[in-house]
Structure formats: C-alpha cells, structure tokens
>>> print(open('start22.pdb').read())   # PDB, C-alpha atoms and all ligand atoms
ATOM      1  CA  MET A   1       0.000   0.000   0.000  1.00  0.00           C
ATOM      2  CA  THR A   2       1.201   3.489  -0.753  1.00  0.00           C
ATOM      3  CA  ASP A   3       0.457   6.771   0.922  1.00  0.00           C
ATOM      4  CA  ASP A   4      -0.118   8.947  -2.121  1.00  0.00           C
ATOM      5  CA  THR A   5      -3.155   7.107  -3.341  1.00  0.00           C
ATOM      6  CA  ASP A   6      -6.626   8.614  -3.207  1.00  0.00           C
ATOM      7  CA  HIS A   7      -9.676   6.630  -2.290  1.00  0.00           C
ATOM      8  CA  THR A   8     -12.922   8.402  -3.016  1.00  0.00           C
ATOM      9  CA  GLY A   9     -16.306   7.568  -1.604  1.00  0.00           C
ATOM     10  CA  SER A  10     -19.818   8.848  -1.178  1.00  0.00           C
ATOM     11  CA  CYS A  11     -23.178   8.198   0.390  1.00  0.00           C
ATOM     12  CA  PHE A  12     -25.887   6.593  -1.708  1.00  0.00           C
ATOM     13  CA  CYS A  13     -27.323   9.839  -3.088  1.00  0.00           C
ATOM     14  CA  GLY A  14     -23.972  11.543  -3.644  1.00  0.00           C
ATOM     15  CA  GLU A  15     -24.672  14.557  -1.428  1.00  0.00           C
ATOM     16  CA  VAL A  16     -21.742  13.566   0.785  1.00  0.00           C
ATOM     17  CA  GLN A  17     -18.466  12.862  -0.994  1.00  0.00           C
ATOM     18  CA  TYR A  18     -15.155  12.250   0.629  1.00  0.00           C
ATOM     19  CA  ARG A  19     -11.603  11.318  -0.125  1.00  0.00           C
ATOM     20  CA  LEU A  20      -9.040   9.387   1.882  1.00  0.00           C
ATOM     21  CA  ARG A  21      -5.634  10.939   1.457  1.00  0.00           C
ATOM     22  CA  ARG A  22      -3.847   7.780   2.568  1.00  0.00           C
ATOM     23  CA  ASP A  23      -4.484   4.097   2.666  1.00  0.00           C
ATOM     24  CA  PRO A  24      -6.249   3.016   5.835  1.00  0.00           C
ATOM     25  CA  MET A  25      -4.193   1.757   8.758  1.00  0.00           C
ATOM     26  CA  ILE A  26      -6.151  -1.478   8.843  1.00  0.00           C
ATOM     27  CA  VAL A  27      -9.509  -2.825   7.677  1.00  0.00           C
ATOM     28  CA  HIS A  28     -11.875  -4.787   9.911  1.00  0.00           C
ATOM     29  CA  ALA A  29     -14.783  -6.966   8.965  1.00  0.00           C
ATOM     30  CA  CYS A  30     -16.926  -6.997  12.079  1.00  0.00           C
ATOM     31  CA  HIS A  31     -19.504  -9.737  12.489  1.00  0.00           C
ATOM     32  CA  CYS A  32     -21.032  -8.492  15.728  1.00  0.00           C
ATOM     33  CA  ARG A  33     -24.761  -8.123  16.061  1.00  0.00           C
ATOM     34  CA  ASP A  34     -24.577  -4.354  16.478  1.00  0.00           C
ATOM     35  CA  CYS A  35     -22.803  -3.987  13.148  1.00  0.00           C
ATOM     36  CA  ARG A  36     -25.409  -6.137  11.457  1.00  0.00           C
ATOM     37  CA  LYS A  37     -28.255  -4.103  12.874  1.00  0.00           C
ATOM     38  CA  GLN A  38     -26.575  -0.817  12.030  1.00  0.00           C
ATOM     39  CA  THR A  39     -25.708  -1.715   8.454  1.00  0.00           C
ATOM     40  CA  GLY A  40     -28.444  -4.155   7.536  1.00  0.00           C
ATOM     41  CA  GLY A  41     -25.727  -6.387   6.135  1.00  0.00           C
ATOM     42  CA  PRO A  42     -24.112  -9.643   7.340  1.00  0.00           C
ATOM     43  CA  TYR A  43     -21.125  -7.685   8.688  1.00  0.00           C
ATOM     44  CA  ALA A  44     -19.621  -4.203   8.619  1.00  0.00           C
ATOM     45  CA  ILE A  45     -16.361  -3.485   6.807  1.00  0.00           C
ATOM     46  CA  ASN A  46     -14.529  -0.622   8.442  1.00  0.00           C
ATOM     47  CA  ALA A  47     -11.326   1.042   7.274  1.00  0.00           C
ATOM     48  CA  LEU A  48      -9.538   2.719  10.177  1.00  0.00           C
ATOM     49  CA  ILE A  49      -7.916   6.003   9.270  1.00  0.00           C
ATOM     50  CA  GLU A  50      -6.904   9.286  10.830  1.00  0.00           C
ATOM     51  CA  ARG A  51      -9.766  11.809  10.697  1.00  0.00           C
ATOM     52  CA  SER A  52      -7.257  14.343   9.399  1.00  0.00           C
ATOM     53  CA  GLU A  53      -6.689  12.159   6.341  1.00  0.00           C
ATOM     54  CA  VAL A  54     -10.385  12.196   5.449  1.00  0.00           C
ATOM     55  CA  GLU A  55     -11.312  15.142   3.287  1.00  0.00           C
ATOM     56  CA  VAL A  56     -14.993  15.932   2.874  1.00  0.00           C
ATOM     57  CA  ILE A  57     -15.307  17.200  -0.675  1.00  0.00           C
ATOM     58  CA  ALA A  58     -19.072  17.655  -0.824  1.00  0.00           C
ATOM     59  CA  GLY A  59     -21.899  17.871   1.668  1.00  0.00           C
ATOM     60  CA  GLU A  60     -21.524  17.506   5.408  1.00  0.00           C
ATOM     61  CA  PRO A  61     -22.182  14.238   7.208  1.00  0.00           C
ATOM     62  CA  VAL A  62     -24.295  14.525  10.333  1.00  0.00           C
ATOM     63  CA  ARG A  63     -23.481  12.859  13.648  1.00  0.00           C
ATOM     64  CA  HIS A  64     -25.895  10.259  14.994  1.00  0.00           C
ATOM     65  CA  GLU A  65     -25.173   9.176  18.539  1.00  0.00           C
ATOM     66  CA  GLN A  66     -25.782   5.485  19.195  1.00  0.00           C
ATOM     67  CA  LYS A  67     -26.631   3.745  22.426  1.00  0.00           C
ATOM     68  CA  THR A  68     -24.087   1.052  23.225  1.00  0.00           C
ATOM     69  CA  GLY A  69     -23.978  -1.877  25.606  1.00  0.00           C
ATOM     70  CA  SER A  70     -20.550  -0.859  26.859  1.00  0.00           C
ATOM     71  CA  GLY A  71     -21.620   2.686  27.624  1.00  0.00           C
ATOM     72  CA  LYS A  72     -18.805   4.009  25.422  1.00  0.00           C
ATOM     73  CA  PRO A  73     -20.037   6.538  22.905  1.00  0.00           C
ATOM     74  CA  HIS A  74     -20.433   5.492  19.302  1.00  0.00           C
ATOM     75  CA  ASP A  75     -21.171   8.123  16.697  1.00  0.00           C
ATOM     76  CA  ILE A  76     -22.302   7.219  13.206  1.00  0.00           C
ATOM     77  CA  TRP A  77     -21.850   9.926  10.618  1.00  0.00           C
ATOM     78  CA  ARG A  78     -24.571   9.888   7.974  1.00  0.00           C
ATOM     79  CA  CYS A  79     -25.704  11.793   4.947  1.00  0.00           C
ATOM     80  CA  ASP A  80     -28.563  14.000   6.072  1.00  0.00           C
ATOM     81  CA  GLU A  81     -30.297  13.498   2.743  1.00  0.00           C
ATOM     82  CA  CYS A  82     -30.260   9.737   2.098  1.00  0.00           C
ATOM     83  CA  GLY A  83     -29.179   8.476   5.515  1.00  0.00           C
ATOM     84  CA  SER A  84     -26.209   6.387   4.346  1.00  0.00           C
ATOM     85  CA  ALA A  85     -23.618   5.871   7.045  1.00  0.00           C
ATOM     86  CA  VAL A  86     -20.252   6.971   5.682  1.00  0.00           C
ATOM     87  CA  TRP A  87     -18.175   6.453   8.818  1.00  0.00           C
ATOM     88  CA  SER A  88     -18.286   5.717  12.512  1.00  0.00           C
ATOM     89  CA  ASP A  89     -16.359   6.999  15.462  1.00  0.00           C
ATOM     90  CA  TYR A  90     -16.305   4.227  18.035  1.00  0.00           C
ATOM     91  CA  GLY A  91     -15.489   5.620  21.441  1.00  0.00           C
ATOM     92  CA  ARG A  92     -15.643   9.196  20.141  1.00  0.00           C
ATOM     93  CA  ARG A  93     -11.898   9.419  19.696  1.00  0.00           C
ATOM     94  CA  GLU A  94     -12.454  12.218  17.173  1.00  0.00           C
ATOM     95  CA  VAL A  95      -8.928  11.768  15.784  1.00  0.00           C
ATOM     96  CA  MET A  96      -9.760   8.520  13.984  1.00  0.00           C
ATOM     97  CA  VAL A  97     -12.738   7.234  12.047  1.00  0.00           C
ATOM     98  CA  PHE A  98     -13.994   3.900  10.770  1.00  0.00           C
ATOM     99  CA  ILE A  99     -14.838   4.432   7.113  1.00  0.00           C
ATOM    100  CA  ARG A 100     -17.645   2.212   5.878  1.00  0.00           C
ATOM    101  CA  VAL A 101     -15.699   0.493   3.126  1.00  0.00           C
ATOM    102  CA  ALA A 102     -18.826  -0.264   1.124  1.00  0.00           C
ATOM    103  CA  THR A 103     -19.291   3.502   0.590  1.00  0.00           C
ATOM    104  CA  LEU A 104     -15.933   3.761  -1.175  1.00  0.00           C
ATOM    105  CA  ASP A 105     -16.155   4.016  -4.940  1.00  0.00           C
ATOM    106  CA  ASP A 106     -13.756   1.099  -5.224  1.00  0.00           C
ATOM    107  CA  PRO A 107     -14.140  -1.085  -2.136  1.00  0.00           C
ATOM    108  CA  GLU A 108     -12.083  -3.819  -3.801  1.00  0.00           C
ATOM    109  CA  ARG A 109      -9.018  -1.769  -2.894  1.00  0.00           C
ATOM    110  CA  CYS A 110      -9.718  -2.093   0.817  1.00  0.00           C
ATOM    111  CA  PRO A 111     -10.414  -5.748   1.564  1.00  0.00           C
ATOM    112  CA  PRO A 112     -10.635  -6.792   5.218  1.00  0.00           C
ATOM    113  CA  ASP A 113      -7.315  -7.510   6.921  1.00  0.00           C
ATOM    114  CA  LEU A 114      -9.012  -9.048   9.936  1.00  0.00           C
ATOM    115  CA  HIS A 115     -12.393 -10.564  10.715  1.00  0.00           C
ATOM    116  CA  ILE A 116     -13.562  -9.886  14.255  1.00  0.00           C
ATOM    117  CA  PHE A 117     -16.428 -11.074  16.450  1.00  0.00           C
ATOM    118  CA  THR A 118     -16.648 -14.172  14.293  1.00  0.00           C
ATOM    119  CA  ARG A 119     -18.325 -15.946  17.211  1.00  0.00           C
ATOM    120  CA  SER A 120     -21.492 -14.189  16.097  1.00  0.00           C
ATOM    121  CA  ALA A 121     -20.964 -14.589  12.346  1.00  0.00           C
ATOM    122  CA  LEU A 122     -23.995 -15.792  10.474  1.00  0.00           C
ATOM    123  CA  SER A 123     -23.863 -19.398   9.353  1.00  0.00           C
ATOM    124  CA  PHE A 124     -24.324 -18.412   5.724  1.00  0.00           C
ATOM    125  CA  THR A 125     -21.492 -15.879   5.808  1.00  0.00           C
ATOM    126  CA  LYS A 126     -18.396 -17.441   4.315  1.00  0.00           C
ATOM    127  CA  ILE A 127     -15.148 -16.179   5.830  1.00  0.00           C
ATOM    128  CA  PRO A 128     -12.155 -17.164   3.693  1.00  0.00           C
ATOM    129  CA  ALA A 129     -10.226 -19.933   5.446  1.00  0.00           C
ATOM    130  CA  GLU A 130      -6.966 -18.039   4.985  1.00  0.00           C
ATOM    131  CA  ALA A 131      -8.370 -14.852   6.549  1.00  0.00           C
ATOM    132  CA  ARG A 132      -7.101 -13.779   9.945  1.00  0.00           C
ATOM    133  CA  GLN A 133     -10.113 -14.172  12.178  1.00  0.00           C
ATOM    134  CA  PHE A 134     -10.875 -13.684  15.827  1.00  0.00           C
ATOM    135  CA  ARG A 135     -13.814 -14.908  17.852  1.00  0.00           C
ATOM    136  CA  VAL A 136     -13.932 -11.576  19.680  1.00  0.00           C
ATOM    137  CA  PHE A 137     -11.093  -9.086  19.307  1.00  0.00           C
ATOM    138  CA  TYR A 138      -7.340  -9.234  18.929  1.00  0.00           C
ATOM    139  CA  ASP A 139      -4.046  -7.817  20.141  1.00  0.00           C
ATOM    140  CA  MET A 140      -3.141  -4.705  18.139  1.00  0.00           C
ATOM    141  CA  GLN A 141       0.546  -5.081  18.855  1.00  0.00           C
ATOM    142  CA  ALA A 142       0.561  -8.556  17.350  1.00  0.00           C
ATOM    143  CA  GLU A 143      -1.690  -7.968  14.366  1.00  0.00           C
ATOM    144  CA  TRP A 144      -1.120  -4.452  13.067  1.00  0.00           C
ATOM    145  CA  PRO A 145       1.590  -3.647  10.548  1.00  0.00           C
ATOM    146  CA  ALA A 146       4.419  -1.750  12.264  1.00  0.00           C
ATOM    147  CA  GLU A 147       3.890   1.389  10.173  1.00  0.00           C
ATOM    148  CA  SER A 148       0.204   1.448  11.029  1.00  0.00           C
ATOM    149  CA  LEU A 149       1.002   1.169  14.723  1.00  0.00           C
ATOM    150  CA  VAL A 150       3.280   4.189  14.387  1.00  0.00           C
ATOM    151  CA  ARG A 151       0.472   6.125  12.721  1.00  0.00           C
ATOM    152  CA  PHE A 152      -2.032   5.067  15.356  1.00  0.00           C
ATOM    153  CA  ASP A 153       0.216   5.897  18.287  1.00  0.00           C
ATOM    154  CA  ALA A 154       0.920   9.311  16.760  1.00  0.00           C
ATOM    155  CA  LEU A 155      -2.769  10.087  17.257  1.00  0.00           C
ATOM    156  CA  GLY A 156      -2.282   9.949  21.006  1.00  0.00           C
ATOM    157  CA  THR A 157      -5.495   8.032  21.560  1.00  0.00           C
ATOM    158  CA  ARG A 158      -5.949   4.869  23.591  1.00  0.00           C
ATOM    159  CA  ARG A 159      -5.347   1.613  21.785  1.00  0.00           C
ATOM    160  CA  LEU A 160      -8.177  -0.550  20.582  1.00  0.00           C
ATOM    161  CA  GLY A 161      -9.205  -3.232  23.031  1.00  0.00           C
ATOM    162  CA  ALA A 162     -11.858  -5.855  23.456  1.00  0.00           C
ATOM    163  CA  ALA A 163     -15.301  -4.306  23.361  1.00  0.00           C
TER     164      ALA A 163
HETATM  165 ZN    ZN A 201     -26.743  10.882   0.614  1.00  0.00          ZN
HETATM  166 ZN    ZN A 202     -19.211  -4.814  15.089  1.00  0.00          ZN
END
>>> encode(input="start22.pdb", output="structure tokens", more="lines below")
Ligand SMILES: [Zn+2]
Ligand SMILES: [Zn+2]
Amino acid sequence: MTDDTDHTGSCFCGEVQYRLRRDPMIVHACHCRDCRKQTGGPYAINALIERSEVEVIAGEPVRHEQKTGSGKPHDIWRCDECGSAVWSDYGRREVMVFIRVATLDDPERCPPDLHIFTRSALSFTKIPAEARQFRVFYDMQAEWPAESLVRFDALGTRRLGAA
C-alpha cells in the first residue's frame, strides 16, 4: 500500500463525498450483532484512518449518537439526505474514524485484513479460510503492521481493546 493514493467515496445519493488521502491503517470486517443491525448487512467493513486524512469534498455528514452496551459513545456519521452511514467513530476518539468500506467508490481496494467477532458470524457468511479471524477481538501489537502502529500511536489516543 502506498500513501499517495486517493480513495474516493460517497453516500448513496452523492450529497456527501469524501476522499481518503492515505491508505487506511487497517480494515476490519466486524460480524457483531450491532454492526449487522446498524448496516443491515451480514457484517460491517470498516477502514480505520486518521480523521485528518479524510477530506470531505461535498456535503456535510451529520453525527448520529448510538446507544451502546458498553456505555462508550459510538457516533455514526450519515448523509442528512439519504441516511447512508459513511463512517463511525467508536469511542468518540475524534482523531480517527472507521470508514464504511462499502461507501468507497472502489471497495475492492480495501479488503478486510481481519475478521472480528466471528463468534457471532452468520452461518451463511463465508469467511475465507486463509483470513485472519478472531472470535472476539485481537491484540493490536501482534496484528497491526508496524507502520500502522506508528500512525495510530501518533494520534495519542488509547489503543483498541476488546469491546
Ligand atoms: Zn446521501
Ligand atoms: Zn461490530
């Protein structure tokens, strides 16, 4: 992956358009029930990237605060027109967002690096056998590429942990 590549994306109606100035640090496929309910799909695919590397080029996504079991805040940012979720901010870190990969114009460029919460994966969801997968969560230090860890730690936010 290179850092000078642009990934563009939008909501369904096109009111909100954005660009990622860098490749994401890592991409999760999350099979938890919350992600299913929130996306209406079998799992959510989230590309983790610095908020500062996300440029909104049209429209303005609107924050929707979610109730969570853990009590930690979870904000979903949606197009105010069509309602598509373009990214999430789990834990309201504000310095990092979870881009909904399916809203990228070319999601094929951001396949999941890790599948998480596979204990709740649907029986008809096929996870590739060679994929790195975790019944719940994983150890960032062990699983993240070194350069992504450097980027993450530069944000000065707490590391990701089990939900
Ligand atoms: Zn829209
Ligand atoms: Zn999830």
>>> residues_near_ligand(input="start22.pdb", ligand="ligand ZN 202 (chain A)", cutoff="12 Å", atoms="only C-alpha atoms and all ligand atoms", output="PyMOL selection string")
chain A and resi 28-46+68-69+74+88+90+98+100+115-121+135-137+162-163
>>> resolve_selection(input="start22.pdb", expression="the PyMOL selection byres (((not hetatm)) within 8 of (chain A and resi 201))", output="NGL selection string")
:A and (10-16 or 78-84)
>>> resolve_selection(input="start22.pdb", expression="the PyMOL selection byres (((chain A and resi 9) around 9) and not hetatm)", output="MDAnalysis selection string")
chainID A and resid 7:8 10:11 14 16:20 86 101:107
>>> residues_around(input="start22.pdb", residues="A:Leu48", least_positions_apart="5", cutoff="6 Å", atoms="only C-alpha atoms", output="list in words")
Pro24, Met25, Ile26, Val97 and Phe98 of chain A
>>> resolve_selection(input="start22.pdb", expression="the PyMOL selection byres (((chain A and resi 141) around 12) and not hetatm)", output="number ranges by chain")
A: 138-140, 142-150, 152-153, 159-161
>>> residues_around(input="start22.pdb", residues="A:Leu155", least_positions_apart="2", cutoff="8 Å", atoms="only C-alpha atoms", output="list of chain:residue names")
A:Glu50, A:Val95, A:Met96, A:Arg151, A:Phe152, A:Asp153, A:Thr157
>>> atom_distance(input="start22.pdb", atom1="atom CA of A:Gly59", atom2="atom CA of A:Ala154")
28.7 Å
>>> atom_distance(input="start22.pdb", atom1="atom CA of A:Glu53", atom2="atom CA of A:Val27")
15.3 Å
>>> closest_residue(input="start22.pdb", among="A:Arg92, A:Arg21, A:Arg132, A:Arg51", to="A:Lys72", atoms="all atoms listed in the file")
A:Arg92
>>> atom_distance(input="start22.pdb", atom1="atom CA of A:Ile99", atom2="atom CA of A:Asp23")
11.3 Å
>>> closest_residue(input="start22.pdb", among="A:Gly91, A:Glu130, A:Ile49, A:Glu108", to="A:Glu65", atoms="only C-alpha atoms")
A:Gly91
